[in-house]
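Everything below belongs to final_27.txt, which stores compact mmCIF, C-alpha atoms.
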# COMPACT_ATOMS: atom_id res chain seq x y z
CA MET A 13 -31.44 6.50 2.02
CA ASP A 14 -34.66 6.37 3.98
CA SER A 15 -35.30 9.51 5.90
CA GLN A 16 -39.01 8.91 6.22
CA PRO A 17 -40.44 8.20 9.65
CA GLU A 18 -40.78 4.45 10.15
CA PRO A 19 -43.48 3.41 12.60
CA LYS A 20 -41.96 0.38 14.29
CA ASP A 21 -44.82 -2.09 13.63
CA SER A 22 -44.11 -5.79 13.33
CA GLN A 23 -47.30 -6.23 11.24
CA PRO A 24 -47.88 -3.06 9.24
CA ASP A 25 -51.34 -4.09 8.03
CA GLN A 26 -52.71 -4.29 11.58
CA PRO A 27 -51.81 -0.98 13.21
CA LYS A 28 -52.25 -1.18 16.96
CA ASP A 29 -52.00 1.67 19.41
CA SER A 30 -49.54 1.51 22.24
CA GLN A 31 -52.46 2.51 24.46
CA PRO A 32 -55.04 -0.22 25.29
CA GLU A 33 -58.13 -0.44 23.07
CA PRO A 34 -61.17 1.59 24.31
CA LYS A 35 -63.83 -0.43 26.03
CA ASP A 36 -66.99 1.34 24.78
CA SER A 37 -68.52 0.61 21.42
CA GLN A 38 -68.38 4.32 20.65
CA LEU A 39 -64.85 5.75 20.81
CA GLU A 40 -63.90 7.96 23.71
CA ALA A 41 -63.31 11.65 23.19
CA VAL A 42 -60.16 12.49 21.23
CA ILE A 43 -58.18 15.37 22.69
CA TYR A 44 -57.56 18.28 20.36
CA ILE A 45 -55.69 21.50 21.00
CA CYS A 46 -57.36 24.89 20.67
CA GLY A 47 -55.81 27.23 18.14
CA ASP A 48 -55.98 30.28 20.45
CA CYS A 49 -55.53 29.30 24.06
CA ARG A 50 -53.69 25.99 23.43
CA LYS A 51 -55.94 24.25 25.95
CA GLU A 52 -56.64 20.57 25.53
CA VAL A 53 -60.21 20.10 24.26
CA PRO A 54 -61.86 16.65 24.26
CA VAL A 55 -64.19 16.15 21.30
CA LYS A 56 -66.65 13.25 21.01
CA PRO A 57 -68.23 12.18 17.72
CA GLY A 58 -71.15 14.52 17.14
CA ASP A 59 -69.74 17.26 19.33
CA ALA A 60 -69.41 20.83 18.11
CA VAL A 61 -65.94 21.63 16.88
CA GLN A 62 -65.26 24.44 19.29
CA CYS A 63 -62.99 25.25 22.19
CA ARG A 64 -64.80 25.01 25.56
CA GLU A 65 -63.12 28.07 27.02
CA CYS A 66 -62.59 30.66 24.33
CA GLY A 67 -65.00 29.54 21.62
CA HIS A 68 -62.33 29.51 18.93
CA ARG A 69 -63.38 27.13 16.21
CA ILE A 70 -60.03 25.91 14.94
CA LEU A 71 -58.78 22.82 16.74
CA TYR A 72 -55.48 21.11 16.03
CA LYS A 73 -54.89 17.42 16.42
CA LYS A 74 -52.32 16.27 18.96
CA ARG A 75 -49.15 14.49 17.95
CA THR A 76 -49.46 10.71 17.65
CA GLY A 77 -48.75 8.63 20.74
CA ARG A 78 -46.76 6.10 18.75
CA ILE A 79 -42.99 5.88 18.87
CA ILE A 80 -41.54 6.99 15.54
CA GLN A 81 -38.05 5.91 14.55
CA TYR A 82 -35.75 8.08 12.48
CA GLU A 83 -32.33 7.55 10.98
CA ALA A 84 -29.97 10.23 12.24
CA ARG A 85 -28.74 11.09 8.74
CA MET B 24 35.30 7.12 -26.78
CA SER B 25 32.39 5.58 -24.84
CA GLU B 26 28.87 6.72 -25.59
CA THR B 27 28.32 8.27 -22.24
CA ALA B 28 31.70 9.92 -21.86
CA SER B 29 30.02 13.27 -21.36
CA LEU B 30 28.19 11.85 -18.36
CA ASN B 31 31.36 10.71 -16.61
CA MET B 32 31.73 13.67 -14.31
CA GLN B 33 34.93 13.30 -12.31
CA ASP B 34 33.97 15.67 -9.53
CA ILE B 35 30.82 13.72 -8.61
CA PRO B 36 31.39 10.31 -7.03
CA GLN B 37 29.83 7.35 -8.82
CA GLY B 38 26.36 6.51 -7.53
CA GLN B 39 25.38 10.10 -6.78
CA LEU B 40 23.54 12.64 -8.80
CA PRO B 41 24.84 16.10 -9.64
CA GLU B 42 23.34 18.63 -7.28
CA HIS B 43 20.89 20.27 -9.65
CA ILE B 44 19.49 16.90 -10.74
CA GLU B 45 19.22 15.80 -7.13
CA LEU B 46 17.21 18.95 -6.41
CA GLN B 47 14.87 18.16 -9.28
CA ARG B 48 14.44 14.65 -7.95
CA THR B 49 13.70 15.63 -4.36
CA ARG B 50 12.14 19.09 -4.47
CA VAL B 51 9.14 20.81 -5.96
CA PHE B 52 10.20 24.20 -7.33
CA CYS B 53 7.57 26.77 -6.46
CA LYS B 54 8.08 29.46 -9.05
CA ALA B 55 6.13 32.71 -9.16
CA ASP B 56 3.76 31.51 -11.88
CA ALA B 57 3.40 27.78 -11.20
CA PRO B 58 5.18 24.90 -9.46
CA VAL B 59 7.67 22.87 -11.47
CA HIS B 60 8.94 19.27 -11.02
CA THR B 61 5.81 18.33 -9.13
CA GLU B 62 5.80 14.66 -10.07
CA ASP B 63 7.81 12.02 -8.28
CA VAL B 64 10.54 10.39 -10.36
CA GLU B 65 9.28 6.87 -9.87
CA TYR B 66 11.09 4.90 -12.55
CA SER B 67 13.93 2.99 -10.97
CA GLY B 68 16.13 3.30 -14.05
CA ALA B 69 15.54 7.01 -14.59
CA TYR B 70 19.15 7.86 -13.83
CA ALA B 71 20.71 4.61 -14.98
CA ALA B 72 22.92 6.44 -17.48
CA VAL B 73 24.82 8.12 -14.64
CA GLY B 74 24.89 5.03 -12.49
CA PHE B 75 22.39 6.20 -9.87
CA ASP B 76 19.92 3.58 -8.70
CA ASN B 77 16.51 5.21 -8.16
CA SER B 78 14.73 2.03 -7.10
CA LEU B 79 12.62 1.80 -3.95
CA GLN B 80 14.36 -0.34 -1.33
CA VAL B 81 12.73 -1.45 1.92
CA ASP B 82 16.08 -1.29 3.72
CA ASP B 83 16.64 2.28 2.57
CA PHE B 84 13.15 3.15 3.80
CA ARG B 85 13.79 1.47 7.15
CA ARG B 86 17.02 3.38 7.55
CA ASP B 87 15.79 6.80 6.46
CA PHE B 88 12.16 6.99 7.64
CA ARG B 89 11.59 9.19 10.69
CA VAL B 90 8.61 10.50 12.60
CA GLU B 91 9.06 13.63 14.75
CA ILE B 92 6.19 14.84 16.90
CA LYS B 93 6.10 18.63 17.09
CA ASN B 94 2.87 19.33 19.02
CA LEU B 95 0.71 16.99 21.01
CA SER B 96 -2.46 17.63 22.97
CA MET B 97 -5.50 15.60 23.96
CA ASP B 98 -7.28 16.07 20.67
CA ASP B 99 -4.67 17.41 18.24
CA ILE B 100 -1.28 16.29 17.00
CA GLU B 101 1.22 17.81 14.58
CA PHE B 102 4.06 15.58 13.50
CA ASP B 103 6.57 15.22 10.68
CA MET B 104 6.93 12.12 8.54
CA ILE B 105 10.24 12.14 6.72
CA GLY B 106 11.29 9.73 4.02
CA ILE B 107 7.84 8.67 2.91
CA ASP B 108 6.12 8.95 -0.45
CA ALA B 109 3.17 11.25 -1.10
CA SER B 110 0.92 8.31 -1.94
CA LEU B 111 1.34 6.82 1.53
CA ALA B 112 0.84 10.16 3.28
CA ASN B 113 -2.34 10.68 1.28
CA ALA B 114 -3.48 7.15 2.03
CA PHE B 115 -3.19 7.82 5.76
CA ARG B 116 -5.10 11.05 5.37
CA ARG B 117 -7.92 9.39 3.46
CA ILE B 118 -8.13 6.46 5.86
CA LEU B 119 -8.28 8.82 8.83
CA ILE B 120 -11.18 10.70 7.33
CA ALA B 121 -13.21 7.81 5.93
CA GLU B 122 -12.29 4.44 7.37
CA VAL B 123 -11.35 4.71 11.05
CA PRO B 124 -14.59 3.80 12.85
CA THR B 125 -16.37 5.80 15.57
CA MET B 126 -19.61 5.62 17.49
CA ALA B 127 -22.43 7.96 16.46
CA ILE B 128 -26.18 8.12 16.96
CA GLU B 129 -27.99 6.30 14.19
CA LYS B 130 -31.52 5.50 15.38
CA VAL B 131 -33.66 8.09 17.12
CA LEU B 132 -36.92 6.88 18.69
CA ILE B 133 -39.14 9.87 19.32
CA VAL B 134 -41.87 9.41 21.88
CA ASN B 135 -42.91 13.02 21.93
CA ASN B 136 -41.73 16.21 20.26
CA THR B 137 -43.84 19.31 20.62
CA SER B 138 -40.97 21.69 19.85
CA VAL B 139 -40.78 23.80 16.70
CA MET B 140 -37.94 21.70 15.36
CA ALA B 141 -39.13 18.90 13.08
CA ASP B 142 -38.40 15.30 14.13
CA GLU B 143 -36.02 14.60 11.29
CA ILE B 144 -34.04 17.81 11.77
CA LEU B 145 -33.65 17.02 15.44
CA SER B 146 -32.57 13.47 14.61
CA HIS B 147 -30.03 14.74 12.10
CA ARG B 148 -28.51 17.05 14.69
CA LEU B 149 -28.30 14.24 17.24
CA GLY B 150 -26.43 12.12 14.72
CA LEU B 151 -23.70 14.73 14.40
CA LEU B 152 -22.93 14.91 18.13
CA PRO B 153 -19.48 13.46 18.94
CA ILE B 154 -19.68 10.59 21.43
CA GLU B 155 -16.95 9.82 23.93
CA ALA B 156 -16.70 6.06 23.59
CA ASP B 157 -13.79 3.96 22.37
CA PRO B 158 -15.08 2.41 19.13
CA ARG B 159 -12.56 -0.44 19.44
CA LEU B 160 -14.58 -1.80 22.37
CA PHE B 161 -17.71 -2.21 20.24
CA ASP B 162 -18.74 -4.42 17.37
CA PHE B 163 -20.36 -3.32 14.16
CA LEU B 164 -24.13 -3.76 14.03
CA SER B 165 -25.35 -5.20 10.75
CA GLU B 166 -28.94 -5.60 9.60
CA ASN B 167 -29.31 -9.18 10.82
CA ASP B 168 -27.87 -8.53 14.27
CA THR B 169 -29.92 -7.72 17.31
CA PRO B 170 -28.92 -4.54 19.11
CA ASN B 171 -27.18 -5.56 22.32
CA GLU B 172 -24.67 -4.22 24.82
CA ARG B 173 -21.76 -5.06 22.50
CA ASN B 174 -22.88 -3.01 19.51
CA THR B 175 -25.22 -0.26 20.73
CA ILE B 176 -25.03 2.67 23.10
CA VAL B 177 -28.42 3.95 24.27
CA PHE B 178 -29.08 7.54 25.29
CA LYS B 179 -32.26 9.13 26.56
CA MET B 180 -33.40 12.72 26.46
CA GLU B 181 -36.42 14.02 28.36
CA VAL B 182 -36.80 17.77 28.49
CA HIS B 183 -39.77 19.97 29.18
CA CYS B 184 -40.00 23.75 29.24
CA LYS B 185 -42.29 25.08 31.98
CA LYS B 186 -45.43 26.83 30.85
CA ARG B 187 -44.78 30.15 32.56
CA GLY B 188 -41.03 29.99 32.35
CA PRO B 189 -38.49 31.41 29.92
CA ARG B 190 -37.33 29.66 26.78
CA LEU B 191 -35.22 26.59 27.44
CA THR B 192 -32.04 25.82 25.51
CA VAL B 193 -31.53 22.09 25.15
CA LYS B 194 -27.82 21.27 25.30
CA SER B 195 -26.04 17.98 24.68
CA ASP B 196 -25.71 17.30 28.42
CA GLN B 197 -29.44 16.46 28.40
CA LEU B 198 -28.63 13.16 26.70
CA LYS B 199 -28.29 10.62 29.50
CA TRP B 200 -26.54 7.32 29.03
CA LEU B 201 -28.68 4.25 29.67
CA PRO B 202 -26.22 1.44 30.41
CA ASN B 203 -29.04 -1.09 30.65
CA GLY B 204 -30.36 -0.54 27.18
CA SER B 205 -33.57 0.77 25.73
CA GLU B 206 -36.49 1.48 28.05
CA LEU B 207 -39.02 1.75 25.24
CA LEU B 208 -41.16 -1.15 24.15
CA MET B 209 -42.07 -2.07 20.62
CA GLU B 210 -45.72 -2.42 19.72
CA SER B 211 -46.55 -6.10 19.80
CA PRO B 212 -48.87 -7.62 17.21
CA ASN B 213 -51.19 -9.21 19.81
CA PRO B 214 -51.78 -7.74 23.26
CA SER B 215 -51.21 -11.07 25.02
CA THR B 216 -47.51 -11.52 24.15
CA LYS B 217 -45.01 -9.60 26.21
CA PRO B 218 -43.87 -6.48 24.36
CA ARG B 219 -40.23 -6.56 23.26
CA SER B 220 -37.71 -3.85 23.90
CA PHE B 221 -35.87 -2.19 21.05
CA THR B 222 -32.57 -3.56 22.36
CA SER B 223 -31.66 -6.85 24.02
CA PHE B 224 -29.06 -6.09 26.64
CA SER B 225 -28.02 -9.18 28.57
CA CYS B 226 -26.11 -7.18 31.14
CA SER B 227 -25.45 -3.57 32.03
CA GLN B 228 -22.79 -1.90 29.92
CA ALA B 229 -21.32 -0.33 33.02
CA SER B 230 -20.44 -3.80 34.28
CA LEU B 231 -18.48 -4.79 31.18
CA PRO B 232 -14.79 -4.95 32.11
CA GLN B 233 -13.55 -2.82 29.24
CA ILE B 234 -16.11 -0.09 29.73
CA SER B 235 -16.15 0.17 33.53
CA GLY B 236 -14.08 3.13 34.65
CA MET B 237 -14.36 4.86 31.28
CA PRO B 238 -17.72 6.62 31.36
CA ILE B 239 -19.64 6.88 28.14
CA GLY B 240 -21.32 10.10 27.20
CA MET B 241 -21.22 13.11 24.93
CA LYS B 242 -17.75 14.47 24.31
CA HIS B 243 -18.91 18.08 24.66
CA ARG B 244 -21.67 18.85 27.13
CA ASP B 245 -22.52 22.33 25.87
CA ILE B 246 -23.54 21.76 22.27
CA ILE B 247 -26.92 23.40 21.65
CA ILE B 248 -29.32 20.86 20.17
CA THR B 249 -32.52 22.88 20.05
CA GLN B 250 -34.64 25.35 21.99
CA LEU B 251 -38.01 24.85 23.67
CA GLY B 252 -40.73 27.42 24.14
CA PRO B 253 -43.05 27.38 27.18
CA GLY B 254 -45.12 24.20 27.37
CA GLN B 255 -43.05 22.33 24.77
CA SER B 256 -41.29 19.07 25.48
CA ILE B 257 -39.14 16.44 23.86
CA GLU B 258 -38.90 12.80 24.88
CA LEU B 259 -36.72 10.50 22.87
CA GLU B 260 -34.19 7.69 22.88
CA ALA B 261 -31.08 7.74 20.71
CA HIS B 262 -29.16 4.58 19.81
CA ALA B 263 -25.55 4.95 18.76
CA VAL B 264 -23.72 2.37 16.67
CA LYS B 265 -20.27 1.89 15.16
CA GLY B 266 -19.69 3.15 11.65
CA THR B 267 -17.15 4.73 9.28
CA GLY B 268 -16.91 8.13 7.64
CA LYS B 269 -17.34 6.44 4.25
CA VAL B 270 -21.01 5.79 5.01
CA HIS B 271 -21.83 9.11 6.68
CA ALA B 272 -19.64 12.01 7.75
CA LYS B 273 -20.98 11.83 11.31
CA TRP B 274 -18.79 8.76 11.82
CA SER B 275 -15.57 10.53 10.78
CA PRO B 276 -13.23 10.60 13.81
CA VAL B 277 -11.38 13.72 12.70
CA GLY B 278 -12.60 17.31 12.61
CA THR B 279 -10.25 17.17 9.75
CA THR B 280 -6.72 16.05 9.04
CA TRP B 281 -4.29 17.43 6.51
CA TYR B 282 -0.64 17.47 5.54
CA ARG B 283 1.71 19.82 3.77
CA MET B 284 5.18 19.26 2.38
CA LEU B 285 8.00 20.98 4.22
CA PRO B 286 8.71 24.35 2.62
CA GLU B 287 12.30 25.24 1.79
CA VAL B 288 13.33 28.88 1.42
CA LYS B 289 16.84 29.53 0.12
CA LEU B 290 18.50 32.85 -0.56
CA LEU B 291 20.34 32.49 -3.85
CA LYS B 292 22.12 35.82 -3.47
CA GLU B 293 23.00 37.87 -0.46
CA VAL B 294 20.32 40.44 0.25
CA ARG B 295 21.66 43.42 2.19
CA GLY B 296 20.68 46.78 3.56
CA ASN B 297 17.46 48.33 2.31
CA ASP B 298 16.52 45.33 0.22
CA ALA B 299 16.95 43.11 3.24
CA GLU B 300 14.68 45.28 5.34
CA LYS B 301 12.05 45.32 2.60
CA LEU B 302 12.22 41.56 2.32
CA VAL B 303 11.81 41.03 6.04
CA LYS B 304 8.78 43.35 6.08
CA LYS B 305 7.21 41.77 2.99
CA CYS B 306 6.86 38.28 4.41
CA PRO B 307 3.49 37.93 6.19
CA ARG B 308 4.79 34.94 8.15
CA LYS B 309 8.07 36.52 9.30
CA VAL B 310 10.18 33.83 7.71
CA PHE B 311 13.14 36.18 7.31
CA ASP B 312 15.21 38.00 9.89
CA LEU B 313 17.88 40.64 9.77
CA GLU B 314 21.40 39.76 10.82
CA ASP B 315 24.34 42.06 11.45
CA VAL B 316 27.37 41.58 9.20
CA GLY B 317 29.48 44.33 10.60
CA HIS B 318 30.09 47.87 9.31
CA ALA B 319 26.49 48.68 10.40
CA MET B 320 25.30 46.52 7.51
CA LYS B 321 22.48 44.01 7.86
CA LYS B 322 21.62 41.07 5.66
CA ALA B 323 18.54 38.92 5.42
CA VAL B 324 18.56 35.34 6.67
CA VAL B 325 15.94 32.60 6.55
CA SER B 326 15.05 31.81 10.14
CA ARG B 327 11.62 30.16 10.06
CA PRO B 328 11.18 28.34 6.75
CA ARG B 329 8.67 25.95 8.32
CA ASP B 330 6.18 28.78 8.78
CA CYS B 331 6.25 29.66 5.09
CA THR B 332 2.89 29.32 3.36
CA LEU B 333 4.39 29.71 -0.14
CA CYS B 334 2.42 32.90 -0.65
CA ARG B 335 5.23 34.03 -2.96
CA GLU B 336 5.15 37.61 -1.72
CA CYS B 337 8.95 37.55 -1.47
CA ILE B 338 9.45 36.60 -5.11
CA SER B 339 6.78 38.88 -6.55
CA GLY B 340 8.14 41.92 -8.30
CA ALA B 341 11.92 41.85 -8.54
CA GLY B 342 12.60 39.20 -5.94
CA GLU B 343 12.53 36.05 -8.09
CA GLU B 344 16.28 35.84 -8.74
CA ASN B 345 17.17 36.15 -5.07
CA ILE B 346 15.00 33.54 -3.48
CA ALA B 347 14.28 29.91 -4.27
CA LEU B 348 10.97 28.61 -2.88
CA ARG B 349 10.80 24.86 -2.83
CA ARG B 350 9.05 21.99 -1.13
CA VAL B 351 10.79 18.82 0.06
CA ARG B 352 8.93 15.99 -1.63
CA ASP B 353 9.33 13.32 1.00
CA HIS B 354 8.83 15.41 4.16
CA PHE B 355 5.23 15.76 5.32
CA ILE B 356 3.94 17.91 8.15
CA PHE B 357 0.83 16.06 9.28
CA THR B 358 -1.89 17.59 11.43
CA VAL B 359 -4.69 15.48 12.91
CA GLU B 360 -7.59 17.11 14.76
CA SER B 361 -9.64 14.49 16.57
CA THR B 362 -13.32 15.06 17.42
CA GLY B 363 -12.58 13.39 20.73
CA ALA B 364 -13.55 9.73 20.58
CA LEU B 365 -9.92 8.68 20.37
CA PRO B 366 -6.78 10.72 21.13
CA ALA B 367 -5.15 12.05 17.98
CA GLU B 368 -2.05 9.86 18.12
CA VAL B 369 -4.13 6.73 18.69
CA LEU B 370 -6.22 7.68 15.66
CA PHE B 371 -3.16 7.74 13.46
CA THR B 372 -1.95 4.34 14.64
CA GLU B 373 -5.42 2.96 13.93
CA ALA B 374 -5.18 4.34 10.39
CA VAL B 375 -1.82 2.61 9.97
CA LYS B 376 -3.37 -0.66 11.16
CA ILE B 377 -6.17 -0.31 8.64
CA LEU B 378 -3.70 0.24 5.81
CA GLU B 379 -1.82 -2.84 7.00
CA GLU B 380 -5.03 -4.87 6.84
CA LYS B 381 -5.65 -3.68 3.29
CA CYS B 382 -2.15 -4.75 2.27
CA GLU B 383 -2.67 -8.17 3.91
CA ARG B 384 -5.86 -8.56 1.90
CA VAL B 385 -4.05 -7.81 -1.34
CA ILE B 386 -1.27 -10.23 -0.46
CA SER B 387 -3.69 -13.02 0.36
CA GLU B 388 -5.65 -12.41 -2.83
CA LEU B 389 -2.48 -12.60 -4.88
CA SER B 390 -1.10 -15.75 -3.31
Structure re-expressed in structure tokens:
Amino acid sequence: MDSQPEPKDSQPDQPKDSQPEPKDSQLEAVIYICGDCRKEVPVKPGDAVQCRECGHRILYKKRTGRIIQYEAR
Amino acid sequence: MSETASLNMQDIPQGQLPEHIELQRTRVFCKADAPVHTEDVEYSGAYAAVGFDNSLQVDDFRRDFRVEIKNLSMDDIEFDMIGIDASLANAFRRILIAEVPTMAIEKVLIVNNTSVMADEILSHRLGLLPIEADPRLFDFLSENDTPNERNTIVFKMEVHCKKRGPRLTVKSDQLKWLPNGSELLMESPNPSTKPRSFTSFSCSQASLPQISGMPIGMKHRDIIITQLGPGQSIELEAHAVKGTGKVHAKWSPVGTTWYRMLPEVKLLKEVRGNDAEKLVKKCPRKVFDLEDVGHAMKKAVVSRPRDCTLCRECISGAGEENIALRRVRDHFIFTVESTGALPAEVLFTEAVKILEEKCERVISELS
């Protein structure tokens, strides 16, 4: 019985985001969440890993934007 | 002298059993230590020596079988089946639990879940919610089928707890029925093709003739699913399909269903005075009552044998010679508690239909 999350991809070897592909050659900032104040912190490649407001250095990644399918079992 | 001269009892008409044998044939004796005569006497020639035919006859069954409904409500029914064998009563019980189909949530598509409850726990809880939808109006969905309005019910839940507000309790009324099918789109392999929906509804379910007028939704609107802290939210779609309890207990249409054989309580000797009062007090179910017999004397009588739970309090100690506790082997008190998809009495008739189908299958295999 499969209780693992199944990302509903038709072609699993070519994962595509439900959001449109970014237009720049360098990826846009990915939004992380600060460990203290829970504010949303955009981080670009090369940026310091630090919250803009409170300076806390632990950032959590946001939940994926994909739709995940579960069996209700 | 014929061999069975000793069995020619003049006071018992031919074709009938002497009383004590008849009791053994039709009753389970519940003695203080263990029950006795628990097995059915199935062999048709068991009493051939005394000329009693013990065979099973359809005409006898047709003549003697009775159903008496004692209690009936929207979701529960208590009825008596008299003149039926234990194997059939048990078959109905098992079919009710495992093989009468219902609708229950099977696929949960989670768009967002920032609550503290893990996705799979939340999905599991959603699967157990009873759905008010007549399963007879829907088809089974197998692996090769596409989900459409005939085999899937789609629900949506979108809840968010405000950042500065109190904790939010998410109840089952937050699941909204989507009669037009899924609103979510599957990820398409190339961006140029139109993204497909998870379901292919050709028309709105509300417009279907059998469903219109009977709204589909959760049976109970106040079941707590989860709780959200400030700033947390859940966005998901839940697809319900038809299934049977055999596959997963969420599809069982009964909270439970059970039967018991009718208890029989007989006073073998008259119990009077002090003993009678003690007996009446002893029974936790108040099966006995006191009755006046004149001269300011009271005796004990059995007034509510149906309430007896065979706890054997009355025959513990010295009481065993006075009271006979028995069960009638072909009289079943059936209780069905429906979870709400179908009324209890409809559930039982569906179970009978399923047993009929099974018999048809056997007959067609044999012929």
Suppose you want the space between CA of Ala121 in chain B and CA of Pro170 in chain B; what is it in Å?
23.9 Å
Name the closest residue to Val139 in chain B among the candidates B:Leu251, B:Leu40, B:Ile356, B:Leu152; distances are taken between atoms, counting all atoms listed in the file.
B:Leu251
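CA of Arg50 in chain A is found 19.2 Å from CA of Ala141 in chain B.
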Can you pull out the residues contacting Val270 in chain B? Cut-off 12 Å, using all atoms listed in the file, and skip same-chain residues under 5 positions away; I want them as an mmCIF file with C-alpha atoms, in the coordinates of the input.
data_model
loop_
_atom_site.group_PDB
_atom_site.id
_atom_site.type_symbol
_atom_site.label_atom_id
_atom_site.label_comp_id
_atom_site.auth_asym_id
_atom_site.auth_seq_id
_atom_site.Cartn_x
_atom_site.Cartn_y
_atom_site.Cartn_z
ATOM 1 C CA MET A 13 -31.440 6.500 2.020
ATOM 2 C CA ARG A 85 -28.740 11.090 8.740
ATOM 3 C CA ILE B 120 -11.180 10.700 7.330
ATOM 4 C CA ALA B 121 -13.210 7.810 5.930
ATOM 5 C CA GLU B 122 -12.290 4.440 7.370
ATOM 6 C CA VAL B 123 -11.350 4.710 11.050
ATOM 7 C CA PRO B 124 -14.590 3.800 12.850
ATOM 8 C CA THR B 125 -16.370 5.800 15.570
ATOM 9 C CA ALA B 127 -22.430 7.960 16.460
ATOM 10 C CA GLU B 129 -27.990 6.300 14.190
ATOM 11 C CA LYS B 265 -20.270 1.890 15.160
ATOM 12 C CA SER B 275 -15.570 10.530 10.780
#
Wanna dump the chain A-chain B contacts at 6 Å for me, each residue with its shortest atom pair and the distance in Å to one decimal, counting only C-alpha atoms, ordered by chain and number, as CSV?
residue,atom,partner,partner_atom,distance
A:Ile79,CA,B:Val134,CA,4.8
A:Ile80,CA,B:Ile133,CA,5.3
A:Gln81,CA,B:Leu132,CA,4.4
A:Tyr82,CA,B:Val131,CA,5.1
A:Glu83,CA,B:Lys130,CA,4.9
A:Ala84,CA,B:His147,CA,4.5
A:Arg85,CA,B:His147,CA,5.1
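The residue that comes closest to Asp87 in chain B, out of B:Asp353, B:Phe224, B:Asp196, B:Leu302 and on the basis of all atoms listed in the file, is B:Asp353.
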